[in-house]
>>> print(open('protein-v3.cif').read())   # mmCIF, C-alpha atoms (C1' of nucleotides)
data_my_file
#
loop_
_atom_site.label_atom_id
_atom_site.label_comp_id
_atom_site.auth_asym_id
_atom_site.auth_seq_id
_atom_site.Cartn_x
_atom_site.Cartn_y
_atom_site.Cartn_z
CA MET A 26 141.30 122.07 96.11
CA HIS A 27 144.51 123.37 94.55
CA ILE A 28 147.78 122.09 95.98
CA GLU A 29 151.24 122.34 94.53
CA ILE A 30 154.19 120.17 95.40
CA SER A 31 157.83 120.42 94.44
CA PRO A 32 159.59 117.06 94.82
CA GLN A 33 162.97 117.11 96.58
CA ASP A 34 162.56 120.65 97.81
CA GLY A 35 164.14 119.24 100.93
CA VAL A 36 160.79 119.15 102.68
CA PRO A 37 158.92 115.85 102.26
CA ILE A 38 155.89 115.77 99.98
CA TYR A 39 153.52 114.63 102.71
CA ARG A 40 154.55 117.61 104.81
CA GLN A 41 154.11 120.02 101.91
CA ILE A 42 150.57 118.78 101.53
CA ALA A 43 149.82 118.99 105.24
CA ASN A 44 151.22 122.50 105.47
CA GLN A 45 149.19 123.77 102.55
CA VAL A 46 146.02 122.27 103.91
CA LYS A 47 146.74 123.87 107.27
CA TYR A 48 147.08 127.18 105.55
CA LEU A 49 143.85 126.71 103.63
CA ILE A 50 142.04 125.95 106.87
CA ALA A 51 143.54 128.82 108.84
CA SER A 52 142.82 131.23 106.04
CA GLY A 53 139.20 130.16 105.84
CA ARG A 54 139.31 128.80 102.32
CA LEU A 55 138.42 125.42 103.80
CA LYS A 56 135.51 125.61 106.19
CA THR A 57 134.48 123.39 109.06
CA ASN A 58 133.08 120.02 107.93
CA GLU A 59 134.05 120.69 104.35
CA GLU A 60 135.30 117.59 102.58
CA LEU A 61 138.88 117.24 101.45
CA PRO A 62 139.66 115.40 98.23
CA PRO A 63 139.61 111.62 98.70
CA ILE A 64 143.06 110.15 99.16
CA ARG A 65 143.14 108.48 95.75
CA VAL A 66 141.86 111.57 93.97
CA LEU A 67 144.46 113.90 95.41
CA ALA A 68 147.15 111.27 94.82
CA GLU A 69 146.22 110.99 91.17
CA GLN A 70 146.03 114.74 90.80
CA LEU A 71 149.53 115.19 92.24
CA LEU A 72 150.93 112.12 90.47
CA ILE A 73 152.10 110.55 93.69
CA THR A 74 151.27 107.41 95.63
CA PRO A 75 148.14 107.35 97.80
CA ASN A 76 150.39 106.45 100.72
CA THR A 77 151.86 109.91 100.78
CA VAL A 78 148.46 111.54 100.96
CA VAL A 79 147.54 109.11 103.72
CA LYS A 80 150.53 110.29 105.70
CA ALA A 81 149.65 113.93 105.15
CA TYR A 82 146.02 113.46 106.19
CA HIS A 83 147.13 111.41 109.18
CA GLU A 84 149.35 114.22 110.36
CA LEU A 85 146.49 116.67 110.01
CA GLN A 86 144.27 114.34 112.00
CA SER A 87 146.83 113.97 114.79
CA GLU A 88 146.87 117.75 115.06
CA GLY A 89 143.13 117.88 115.36
CA LEU A 90 142.61 119.68 112.06
CA VAL A 91 140.61 117.02 110.22
CA TYR A 92 138.55 113.93 110.98
CA LYS A 93 138.01 110.88 108.82
CA ARG A 94 135.03 108.63 108.22
CA ARG A 95 135.54 105.41 106.33
CA GLY A 96 133.52 105.25 103.20
CA ALA A 97 132.58 108.90 103.53
CA GLY A 98 135.76 110.93 103.34
CA THR A 99 138.05 113.31 105.18
CA PHE A 100 136.62 116.53 106.57
CA VAL A 101 137.80 119.74 108.15
CA ALA A 102 137.40 119.56 111.93
CA ASP A 103 135.99 122.37 114.02
CA THR A 104 139.30 124.04 114.72
CA LYS A 105 137.70 126.21 117.37
CA SER A 106 136.68 123.22 119.43
CA PRO A 107 138.53 122.97 122.76
CA LEU A 108 140.01 119.60 121.89
CA ALA A 109 141.46 120.66 118.57
CA ARG A 110 142.63 123.92 120.05
CA ARG A 111 144.41 122.14 122.86
CA GLU A 112 146.19 119.82 120.45
CA GLN A 113 147.33 122.75 118.31
CA LYS A 114 148.60 124.56 121.35
CA ARG A 115 150.58 121.50 122.39
CA ILE A 116 152.41 121.62 119.07
CA LEU A 117 153.17 125.31 119.33
CA ILE A 118 154.47 124.84 122.84
CA GLY A 119 157.01 122.40 121.46
CA ARG A 120 158.27 125.01 119.02
CA ALA A 121 158.36 127.69 121.67
CA ASP A 122 160.34 125.47 124.00
CA ALA A 123 162.83 124.68 121.24
CA LEU A 124 163.34 128.37 120.59
CA LEU A 125 163.71 129.27 124.26
CA SER A 126 166.08 126.50 125.23
CA GLU A 127 168.25 127.08 122.19
CA ALA A 128 168.38 130.77 122.97
CA LYS A 129 169.33 130.07 126.55
CA GLN A 130 172.09 127.72 125.50
CA LEU A 131 173.47 130.39 123.21
CA GLY A 132 173.46 132.92 125.98
CA PHE A 133 170.62 135.13 124.79
CA THR A 134 168.38 136.81 127.33
CA PHE A 135 164.63 136.36 127.35
CA ASP A 136 164.11 139.97 126.39
CA GLU A 137 166.32 139.50 123.37
CA VAL A 138 164.20 136.53 122.32
CA LEU A 139 161.00 138.54 122.69
CA GLU A 140 162.45 141.35 120.64
CA MET A 141 163.50 138.90 117.95
CA VAL A 142 160.05 137.32 117.79
CA ARG A 143 158.44 140.74 117.40
CA SER A 144 160.89 141.67 114.68
CA ARG A 145 160.29 138.44 112.77
CA GLN A 146 156.55 138.88 113.00
CA SER A 147 156.86 142.28 111.33
CA ALA A 148 159.06 140.80 108.63
CA LEU A 149 156.66 137.95 107.91
CA ASP A 150 153.71 140.33 107.86
CA LYS A 151 155.33 142.40 105.16
CA THR A 152 156.46 139.60 102.87
CA ALA A 153 153.08 137.85 103.11
CA GLY A 154 151.03 140.97 102.72
CA LYS A 155 149.68 140.32 99.24
CA GLU A 156 148.32 136.83 99.75
CA GLN A 157 147.08 137.55 103.22
CA SER A 158 144.76 140.37 102.25
CA ASP A 159 142.96 137.81 100.15
CA ALA A 160 143.37 134.87 102.49
CA ARG A 161 141.61 136.12 105.58
CA PRO A 162 138.31 134.48 106.47
CA ARG A 163 135.54 136.64 105.13
CA GLY A 164 132.74 135.38 107.38
CA MET B 1 185.51 118.51 130.54
CA HIS B 2 182.73 116.29 131.80
CA ILE B 3 180.14 115.15 129.29
CA GLU B 4 177.56 112.43 129.62
CA ILE B 5 175.81 110.65 126.80
CA SER B 6 172.96 108.20 126.82
CA PRO B 7 172.81 106.13 123.63
CA GLN B 8 169.41 105.80 121.98
CA ASP B 9 167.84 108.50 124.13
CA GLY B 10 166.17 109.41 120.87
CA VAL B 11 168.51 112.35 120.41
CA PRO B 12 171.68 111.53 118.43
CA ILE B 13 174.96 111.30 120.31
CA TYR B 14 176.64 114.04 118.30
CA ARG B 15 173.81 116.39 119.19
CA GLN B 16 173.96 115.49 122.85
CA ILE B 17 177.62 116.45 122.84
CA ALA B 18 177.03 119.69 120.96
CA ASN B 19 174.19 120.68 123.26
CA GLN B 20 176.20 120.07 126.41
CA VAL B 21 179.14 122.05 125.07
CA LYS B 22 176.79 124.88 124.16
CA TYR B 23 175.48 124.88 127.68
CA LEU B 24 178.99 124.88 129.16
CA ILE B 25 179.88 127.86 127.01
CA ALA B 26 176.70 129.80 127.73
CA SER B 27 177.06 129.15 131.44
CA GLY B 28 180.63 130.41 131.46
CA ARG B 29 182.22 127.13 132.48
CA LEU B 30 184.09 127.17 129.19
CA LYS B 31 185.77 130.48 128.52
CA THR B 32 186.81 132.17 125.31
CA ASN B 33 189.84 130.55 123.65
CA GLU B 34 189.77 127.66 126.10
CA GLU B 35 190.66 124.37 124.45
CA LEU B 36 188.14 121.57 124.10
CA PRO B 37 189.28 117.96 124.40
CA PRO B 38 190.88 116.70 121.18
CA ILE B 39 188.52 114.67 119.06
CA ARG B 40 190.24 111.36 119.76
CA VAL B 41 190.45 112.00 123.49
CA LEU B 42 186.78 112.79 123.90
CA ALA B 43 185.89 109.87 121.66
CA GLU B 44 187.88 107.46 123.79
CA GLN B 45 186.48 108.94 126.97
CA LEU B 46 182.91 108.46 125.76
CA LEU B 47 183.64 105.10 124.13
CA ILE B 48 182.40 106.24 120.75
CA THR B 49 183.94 106.73 117.32
CA PRO B 50 185.92 109.90 116.63
CA ASN B 51 183.56 110.54 113.74
CA THR B 52 180.75 111.36 116.11
CA VAL B 53 182.82 113.93 117.97
CA VAL B 54 183.86 115.39 114.64
CA LYS B 55 180.22 115.87 113.78
CA ALA B 56 179.48 117.51 117.12
CA TYR B 57 182.43 119.90 116.86
CA HIS B 58 181.52 120.69 113.28
CA GLU B 59 178.02 121.70 114.30
CA LEU B 60 179.45 123.93 117.01
CA GLN B 61 181.76 125.51 114.48
CA SER B 62 178.96 126.16 112.02
CA GLU B 63 177.14 128.02 114.76
CA GLY B 64 180.15 130.15 115.47
CA LEU B 65 180.73 128.72 118.94
CA VAL B 66 184.16 127.19 118.37
CA TYR B 67 187.05 127.45 115.95
CA LYS B 68 189.52 124.77 114.96
CA ARG B 69 193.22 124.85 114.17
CA ARG B 70 194.79 121.78 112.68
CA GLY B 71 197.50 120.35 114.83
CA ALA B 72 196.56 122.65 117.68
CA GLY B 73 193.02 121.77 118.67
CA THR B 74 189.46 123.07 119.00
CA PHE B 75 188.83 126.22 120.99
CA VAL B 76 185.93 128.24 122.31
CA ALA B 77 185.22 131.17 120.03
CA ASP B 78 184.55 134.66 121.27
CA THR B 79 180.80 134.20 121.48
CA LYS B 80 180.34 137.92 122.00
CA SER B 81 182.04 138.78 118.75
CA PRO B 82 179.72 140.27 116.11
CA LEU B 83 180.38 137.44 113.70
CA ALA B 84 179.55 134.64 116.12
CA ARG B 85 176.63 136.60 117.47
CA ARG B 86 175.22 137.08 113.99
CA GLU B 87 175.52 133.40 113.21
CA GLN B 88 173.73 132.46 116.41
CA LYS B 89 171.01 134.94 115.72
CA ARG B 90 170.52 133.46 112.26
CA ILE B 91 169.78 130.10 113.86
CA LEU B 92 167.34 131.53 116.38
CA ILE B 93 165.55 133.40 113.62
CA GLY B 94 164.92 130.08 111.94
CA ARG B 95 163.26 128.76 115.06
CA ALA B 96 161.25 131.91 115.55
CA ASP B 97 160.02 131.80 111.96
CA ALA B 98 158.99 128.17 112.37
CA LEU B 99 156.99 129.05 115.46
CA LEU B 100 155.33 132.09 113.90
CA SER B 101 154.40 130.52 110.59
CA GLU B 102 153.07 127.41 112.28
CA ALA B 103 151.01 129.56 114.63
CA LYS B 104 149.64 131.55 111.73
CA GLN B 105 148.71 128.40 109.85
CA LEU B 106 146.83 127.17 112.89
CA GLY B 107 144.94 130.41 113.19
CA PHE B 108 146.60 131.80 116.32
CA THR B 109 147.06 135.52 116.68
CA PHE B 110 150.44 137.10 117.28
CA ASP B 111 149.41 138.16 120.77
CA GLU B 112 148.52 134.60 121.62
CA VAL B 113 151.98 133.52 120.50
CA LEU B 114 153.63 136.17 122.63
CA GLU B 115 151.60 135.14 125.62
CA MET B 116 152.55 131.51 125.07
CA VAL B 117 156.25 132.32 124.82
CA ARG B 118 156.10 134.26 128.07
CA SER B 119 154.29 131.43 129.76
CA ARG B 120 156.78 128.83 128.55
CA GLN B 121 159.69 130.96 129.70
CA SER B 122 158.25 131.00 133.22
CA ALA B 123 157.77 127.26 133.11
CA LEU B 124 161.29 126.58 131.93
CA ASP B 125 162.71 128.96 134.50
CA LYS B 126 161.08 127.05 137.30
CA THR B 127 162.02 123.55 136.23
CA ALA B 128 165.63 124.57 135.56
CA GLY B 129 165.97 126.72 138.62
CA LYS B 130 168.41 124.59 140.57
CA GLU B 131 171.07 124.17 137.92
CA GLN B 132 170.69 127.66 136.59
CA SER B 133 171.44 129.46 139.83
CA ASP B 134 174.87 127.88 139.56
CA ALA B 135 175.22 128.07 135.81
CA ARG B 136 174.82 131.75 135.09
CA PRO B 137 177.91 133.59 133.93
CA ARG B 138 179.33 135.45 136.86
CA GLY B 139 181.30 138.09 135.02
"C1'" DT C 6 121.82 93.30 99.50
"C1'" DA C 7 125.17 94.56 96.00
"C1'" DA C 8 128.24 97.73 94.06
"C1'" DA C 9 130.88 101.72 94.48
"C1'" DT C 10 133.57 104.72 97.29
"C1'" DT C 11 136.30 105.63 101.09
"C1'" DG C 12 140.03 104.96 104.42
"C1'" DT C 13 143.48 101.12 106.21
"C1'" DA C 14 147.12 97.74 106.34
"C1'" DT C 15 151.07 95.31 104.55
"C1'" DC C 16 155.03 94.63 101.86
"C1'" DA C 17 158.92 96.54 99.16
"C1'" DC C 18 162.43 99.76 97.58
"C1'" DA C 19 165.47 103.98 97.58
"C1'" DA C 20 167.47 107.68 100.03
"C1'" DT C 21 169.15 109.54 104.03
"C1'" DA C 22 170.99 109.72 108.86
"C1'" DC C 23 173.78 107.84 112.38
"C1'" DG C 24 177.63 105.67 113.98
"C1'" DG C 25 182.02 103.00 113.11
"C1'" DA C 26 186.98 101.69 111.10
"C1'" DT C 27 190.76 103.31 108.82
"C1'" DA C 28 193.85 106.08 106.25
"C1'" DC C 29 195.28 110.95 105.10
"C1'" DA C 30 197.01 115.89 105.71
"C1'" DA C 31 198.38 119.88 108.15
"C1'" DT C 32 200.28 122.04 112.09
"C1'" DA C 33 202.95 122.27 116.64
"C1'" DG C 34 206.87 121.41 119.11
"C1'" DT C 35 211.36 119.68 119.47
"C1'" DA D 15 213.86 118.13 109.35
"C1'" DC D 16 211.43 114.84 112.29
"C1'" DT D 17 207.95 113.25 115.22
"C1'" DA D 18 203.83 113.64 117.73
"C1'" DT D 19 199.45 115.63 117.85
"C1'" DT D 20 195.58 117.51 115.81
"C1'" DG D 21 191.74 117.85 112.55
"C1'" DT D 22 190.03 115.80 107.78
"C1'" DA D 23 188.45 112.61 104.31
"C1'" DT D 24 186.72 108.20 102.64
"C1'" DC D 25 184.45 103.94 102.84
"C1'" DC D 26 181.17 100.89 105.13
"C1'" DG D 27 177.04 98.69 107.80
"C1'" DT D 28 172.77 99.47 109.97
"C1'" DA D 29 168.51 101.88 111.10
"C1'" DT D 30 165.19 105.09 109.95
"C1'" DT D 31 162.48 107.76 106.77
"C1'" DG D 32 160.03 108.81 102.57
"C1'" DT D 33 157.68 106.99 98.81
"C1'" DG D 34 155.51 103.43 95.95
"C1'" DA D 35 152.46 99.06 94.65
"C1'" DT D 36 148.91 96.24 96.05
"C1'" DA D 37 145.45 94.01 98.66
"C1'" DC D 38 142.01 94.60 102.52
"C1'" DA D 39 137.99 96.39 105.36
"C1'" DA D 40 134.35 99.46 106.50
"C1'" DT D 41 130.86 102.56 105.14
"C1'" DT D 42 127.87 104.83 101.88
"C1'" DT D 43 124.54 104.75 98.30
"C1'" DA D 44 121.39 102.88 95.20
#
>>> encode(input="protein-v3.cif", output="structure tokens")
Amino acid sequence: MHIEISPQDGVPIYRQIANQVKYLIASGRLKTNEELPPIRVLAEQLLITPNTVVKAYHELQSEGLVYKRRGAGTFVADTKSPLARREQKRILIGRADALLSEAKQLGFTFDEVLEMVRSRQSALDKTAGKEQSDARPRG
Amino acid sequence: MHIEISPQDGVPIYRQIANQVKYLIASGRLKTNEELPPIRVLAEQLLITPNTVVKAYHELQSEGLVYKRRGAGTFVADTKSPLARREQKRILIGRADALLSEAKQLGFTFDEVLEMVRSRQSALDKTAGKEQSDARPRG
DNA sequence: TAAATTGTATCACAATACGGATACAATAGT
DNA sequence: ACTATTGTATCCGTATTGTGATACAATTTA
């Protein structure tokens, strides 16, 4: 599994790892029940402390994206399972609420927020076009 | 200007202040060019250090909500002005991008995100109904 | 059962965030 | 010009966060 980190990019290393794993799962490059690199292995590969990988994997677990079995390893959870799905939705709801309440405080209407979200989606689609054509699950 | 803070509510004091001022502005209770309490005054009123108020006012300034004039005071900016509006939009775009990229990483479709945003807006409308009926700008 | 492999827990250190005390600088108002 | 008022800058102590080093515990595998 290929992961790249850039120390002091502002975003913590453990979060960089978690985000990239999330992307690998969502894009289908990591399939359900597939094993992630053991904590020590990934730590050695990235030249960081195992603790940081622990934190990354823990975050993924708390979001229902992976499960861990002592002595066996860390594996991709069934992200389509109701439980995992519910947990993921809970996280997104937090982001949506942040956006909406901030917008309200700044005096934006709901329609303006909707329009902005649509516009950003188009923007992100375009800039991510190259990788995405290759990143979509092919099953 | 009435502001209430609750220390160690998890959210930092300076942010509590900034948020409440934002709300007062968005709701029309603070009008364009109206003066905010001087830093020292608000600090004494809230029994906190002036530094914390400085930080709150600075955040508001960076979002284009207030402007400061040394020796004169801190005033509500024209939040409808293109410059302020653009700055505010820049902040909301950040939140929207966070929501969209997180959703994509978790394998949600854009339509699901839209549906969620609509649903959360309804929820927030209901829970905030009482205050909002009185807080909407009446001009 | 024994050894190897895996995740877990604990302690330690550096950097950052938050809040506080004090001194400084620019402007307003007289 | 002088004084009062306002925002600004600097230094400090504490708490939290991010990362690292090391020892521990459970499970797998032979």
>>> closest_residue(input="protein-v3.cif", among="B:Val41, B:Ile5, B:Ile48, B:Ala123", to="chain C", atoms="all atoms listed in the file")
B:Ile48
>>> resolve_selection(input="protein-v3.cif", expression="the PyMOL selection byres ((chain A) within 6 of (chain C))", output="list in words")
Arg95, Gly96, Ala97 and Gly98 of chain A
>>> write_last_selection(input="protein-v3.cif", atoms="C-alpha atoms", output="tab-separated table (two decimals), in the coordinates of the input")
chain	number	residue	atom	x	y	z
A	95	ARG	CA	135.54	105.41	106.33
A	96	GLY	CA	133.52	105.25	103.20
A	97	ALA	CA	132.58	108.90	103.53
A	98	GLY	CA	135.76	110.93	103.34
>>> resolve_selection(input="protein-v3.cif", expression="the PyMOL selection byres ((chain A and resi 46) around 10)", output="PDB file with C-alpha atoms, keeping the file's coordinate frame")
ATOM      1  CA  MET A  26     141.300 122.070  96.110  1.00  0.00           C
ATOM      2  CA  HIS A  27     144.510 123.370  94.550  1.00  0.00           C
ATOM      3  CA  ILE A  28     147.780 122.090  95.980  1.00  0.00           C
ATOM      4  CA  ARG A  40     154.550 117.610 104.810  1.00  0.00           C
ATOM      5  CA  GLN A  41     154.110 120.020 101.910  1.00  0.00           C
ATOM      6  CA  ILE A  42     150.570 118.780 101.530  1.00  0.00           C
ATOM      7  CA  ALA A  43     149.820 118.990 105.240  1.00  0.00           C
ATOM      8  CA  ASN A  44     151.220 122.500 105.470  1.00  0.00           C
ATOM      9  CA  GLN A  45     149.190 123.770 102.550  1.00  0.00           C
ATOM     10  CA  LYS A  47     146.740 123.870 107.270  1.00  0.00           C
ATOM     11  CA  TYR A  48     147.080 127.180 105.550  1.00  0.00           C
ATOM     12  CA  LEU A  49     143.850 126.710 103.630  1.00  0.00           C
ATOM     13  CA  ILE A  50     142.040 125.950 106.870  1.00  0.00           C
ATOM     14  CA  ALA A  51     143.540 128.820 108.840  1.00  0.00           C
ATOM     15  CA  SER A  52     142.820 131.230 106.040  1.00  0.00           C
ATOM     16  CA  ARG A  54     139.310 128.800 102.320  1.00  0.00           C
ATOM     17  CA  LEU A  55     138.420 125.420 103.800  1.00  0.00           C
ATOM     18  CA  LEU A  61     138.880 117.240 101.450  1.00  0.00           C
ATOM     19  CA  ALA A  81     149.650 113.930 105.150  1.00  0.00           C
ATOM     20  CA  TYR A  82     146.020 113.460 106.190  1.00  0.00           C
ATOM     21  CA  LEU A  85     146.490 116.670 110.010  1.00  0.00           C
ATOM     22  CA  LEU A  90     142.610 119.680 112.060  1.00  0.00           C
ATOM     23  CA  VAL A  91     140.610 117.020 110.220  1.00  0.00           C
ATOM     24  CA  VAL A 101     137.800 119.740 108.150  1.00  0.00           C
TER      25      VAL A 101
ATOM     26  CA  GLN B 105     148.710 128.400 109.850  1.00  0.00           C
TER      27      GLN B 105
END
>>> interface_residues(input="protein-v3.cif", of="chain A", to="chain D", cutoff="12 Å", atoms="all atoms listed in the file", output="MDAnalysis selection string")
chainID A and resid 32:33 35:40 68 72:81 93:98
>>> resolve_selection(input="protein-v3.cif", expression="the PyMOL selection byres ((chain B and resi 77) around 10)", output="compact mmCIF listing (two decimals) with C-alpha atoms, in the coordinates of the input")
# COMPACT_ATOMS: atom_id res chain seq x y z
CA ILE B 25 179.88 127.86 127.01
CA LYS B 31 185.77 130.48 128.52
CA THR B 32 186.81 132.17 125.31
CA ASN B 33 189.84 130.55 123.65
CA GLU B 34 189.77 127.66 126.10
CA GLU B 35 190.66 124.37 124.45
CA LEU B 60 179.45 123.93 117.01
CA GLN B 61 181.76 125.51 114.48
CA GLY B 64 180.15 130.15 115.47
CA LEU B 65 180.73 128.72 118.94
CA VAL B 66 184.16 127.19 118.37
CA TYR B 67 187.05 127.45 115.95
CA LYS B 68 189.52 124.77 114.96
CA THR B 74 189.46 123.07 119.00
CA PHE B 75 188.83 126.22 120.99
CA VAL B 76 185.93 128.24 122.31
CA ASP B 78 184.55 134.66 121.27
CA THR B 79 180.80 134.20 121.48
CA LYS B 80 180.34 137.92 122.00
CA SER B 81 182.04 138.78 118.75
CA ALA B 84 179.55 134.64 116.12
>>> calpha_fit_and_write(input="protein-v3.cif", fixed="chain B", moving="chain A", output="CSV table (one decimal) with C-alpha atoms, keeping the file's coordinate frame")
chain,number,residue,atom,x,y,z
A,26,MET,CA,185.1,118.5,130.6
A,27,HIS,CA,182.3,116.4,131.8
A,28,ILE,CA,179.7,115.3,129.2
A,29,GLU,CA,177.1,112.6,129.4
A,30,ILE,CA,175.4,110.8,126.6
A,31,SER,CA,172.5,108.4,126.5
A,32,PRO,CA,172.5,106.3,123.3
A,33,GLN,CA,169.2,106.0,121.5
A,34,ASP,CA,167.5,108.7,123.5
A,35,GLY,CA,166.0,109.6,120.2
A,36,VAL,CA,168.4,112.6,119.9
A,37,PRO,CA,171.6,111.7,118.0
A,38,ILE,CA,174.8,111.5,120.0
A,39,TYR,CA,176.6,114.2,118.1
A,40,ARG,CA,173.8,116.6,118.9
A,41,GLN,CA,173.8,115.7,122.5
A,42,ILE,CA,177.4,116.6,122.7
A,43,ALA,CA,177.0,119.8,120.8
A,44,ASN,CA,174.1,120.9,123.0
A,45,GLN,CA,176.0,120.2,126.2
A,46,VAL,CA,179.0,122.2,124.9
A,47,LYS,CA,176.7,125.0,124.0
A,48,TYR,CA,175.3,125.0,127.5
A,49,LEU,CA,178.8,125.0,129.0
A,50,ILE,CA,179.7,128.0,126.9
A,51,ALA,CA,176.6,130.0,127.6
A,52,SER,CA,176.8,129.3,131.2
A,53,GLY,CA,180.4,130.4,131.4
A,54,ARG,CA,181.9,127.1,132.5
A,55,LEU,CA,183.9,127.2,129.2
A,56,LYS,CA,185.6,130.5,128.6
A,57,THR,CA,186.7,132.2,125.4
A,58,ASN,CA,189.8,130.6,123.8
A,59,GLU,CA,189.6,127.7,126.3
A,60,GLU,CA,190.5,124.4,124.7
A,61,LEU,CA,188.0,121.6,124.3
A,62,PRO,CA,189.1,118.0,124.6
A,63,PRO,CA,190.8,116.7,121.5
A,64,ILE,CA,188.5,114.7,119.2
A,65,ARG,CA,190.1,111.4,120.0
A,66,VAL,CA,190.2,112.0,123.7
A,67,LEU,CA,186.5,112.9,124.0
A,68,ALA,CA,185.7,109.9,121.8
A,69,GLU,CA,187.6,107.5,124.0
A,70,GLN,CA,186.1,109.0,127.1
A,71,LEU,CA,182.5,108.5,125.8
A,72,LEU,CA,183.3,105.2,124.1
A,73,ILE,CA,182.2,106.3,120.7
A,74,THR,CA,183.8,106.8,117.4
A,75,PRO,CA,185.9,109.9,116.7
A,76,ASN,CA,183.6,110.6,113.8
A,77,THR,CA,180.8,111.5,116.0
A,78,VAL,CA,182.8,114.0,118.0
A,79,VAL,CA,183.9,115.5,114.7
A,80,LYS,CA,180.3,116.0,113.7
A,81,ALA,CA,179.5,117.6,117.0
A,82,TYR,CA,182.5,120.0,116.8
A,83,HIS,CA,181.7,120.8,113.2
A,84,GLU,CA,178.2,121.8,114.1
A,85,LEU,CA,179.5,124.0,116.9
A,86,GLN,CA,182.0,125.6,114.4
A,87,SER,CA,179.2,126.2,111.9
A,88,GLU,CA,177.3,128.1,114.6
A,89,GLY,CA,180.3,130.2,115.4
A,90,LEU,CA,180.8,128.8,118.9
A,91,VAL,CA,184.2,127.2,118.4
A,92,TYR,CA,187.2,127.5,116.1
A,93,LYS,CA,189.7,124.8,115.2
A,94,ARG,CA,193.4,124.8,114.5
A,95,ARG,CA,195.0,121.7,113.1
A,96,GLY,CA,197.7,120.3,115.3
A,97,ALA,CA,196.6,122.6,118.1
A,98,GLY,CA,193.1,121.8,119.0
A,99,THR,CA,189.5,123.1,119.2
A,100,PHE,CA,188.8,126.3,121.2
A,101,VAL,CA,185.9,128.3,122.4
A,102,ALA,CA,185.3,131.2,120.1
A,103,ASP,CA,184.5,134.7,121.3
A,104,THR,CA,180.8,134.4,121.4
A,105,LYS,CA,180.4,138.1,121.8
A,106,SER,CA,182.1,138.8,118.5
A,107,PRO,CA,179.7,140.3,115.9
A,108,LEU,CA,180.3,137.4,113.5
A,109,ALA,CA,179.5,134.7,115.9
A,110,ARG,CA,176.6,136.7,117.3
A,111,ARG,CA,175.2,137.1,113.8
A,112,GLU,CA,175.4,133.4,113.1
A,113,GLN,CA,173.7,132.5,116.3
A,114,LYS,CA,170.9,135.0,115.6
A,115,ARG,CA,170.4,133.4,112.2
A,116,ILE,CA,169.8,130.1,113.8
A,117,LEU,CA,167.3,131.5,116.3
A,118,ILE,CA,165.5,133.3,113.5
A,119,GLY,CA,164.9,129.9,111.9
A,120,ARG,CA,163.3,128.6,115.1
A,121,ALA,CA,161.2,131.8,115.5
A,122,ASP,CA,159.9,131.6,111.9
A,123,ALA,CA,159.0,127.9,112.4
A,124,LEU,CA,157.0,128.8,115.5
A,125,LEU,CA,155.3,131.8,113.9
A,126,SER,CA,154.3,130.1,110.6
A,127,GLU,CA,153.1,127.0,112.4
A,128,ALA,CA,151.0,129.2,114.7
A,129,LYS,CA,149.5,131.1,111.8
A,130,GLN,CA,148.6,127.9,110.0
A,131,LEU,CA,146.8,126.7,113.1
A,132,GLY,CA,144.9,129.9,113.4
A,133,PHE,CA,146.6,131.3,116.4
A,134,THR,CA,146.9,135.1,116.7
A,135,PHE,CA,150.3,136.8,117.2
A,136,ASP,CA,149.3,137.9,120.7
A,137,GLU,CA,148.5,134.3,121.6
A,138,VAL,CA,151.9,133.3,120.5
A,139,LEU,CA,153.6,136.0,122.5
A,140,GLU,CA,151.6,135.0,125.6
A,141,MET,CA,152.6,131.4,125.1
A,142,VAL,CA,156.3,132.3,124.8
A,143,ARG,CA,156.1,134.3,128.0
A,144,SER,CA,154.4,131.4,129.8
A,145,ARG,CA,156.9,128.9,128.6
A,146,GLN,CA,159.8,131.1,129.7
A,147,SER,CA,158.4,131.2,133.2
A,148,ALA,CA,158.0,127.4,133.2
A,149,LEU,CA,161.5,126.8,132.0
A,150,ASP,CA,162.9,129.3,134.6
A,151,LYS,CA,161.3,127.4,137.4
A,152,THR,CA,162.3,123.9,136.4
A,153,ALA,CA,165.9,124.9,135.7
A,154,GLY,CA,166.2,127.0,138.8
A,155,LYS,CA,168.6,124.8,140.7
A,156,GLU,CA,171.3,124.3,138.0
A,157,GLN,CA,171.0,127.8,136.8
A,158,SER,CA,171.9,129.5,140.1
A,159,ASP,CA,175.2,127.7,139.8
A,160,ALA,CA,175.6,127.9,136.0
A,161,ARG,CA,175.6,131.7,135.5
A,162,PRO,CA,178.9,133.3,134.5
A,163,ARG,CA,180.6,134.6,137.6
A,164,GLY,CA,182.9,137.1,136.0
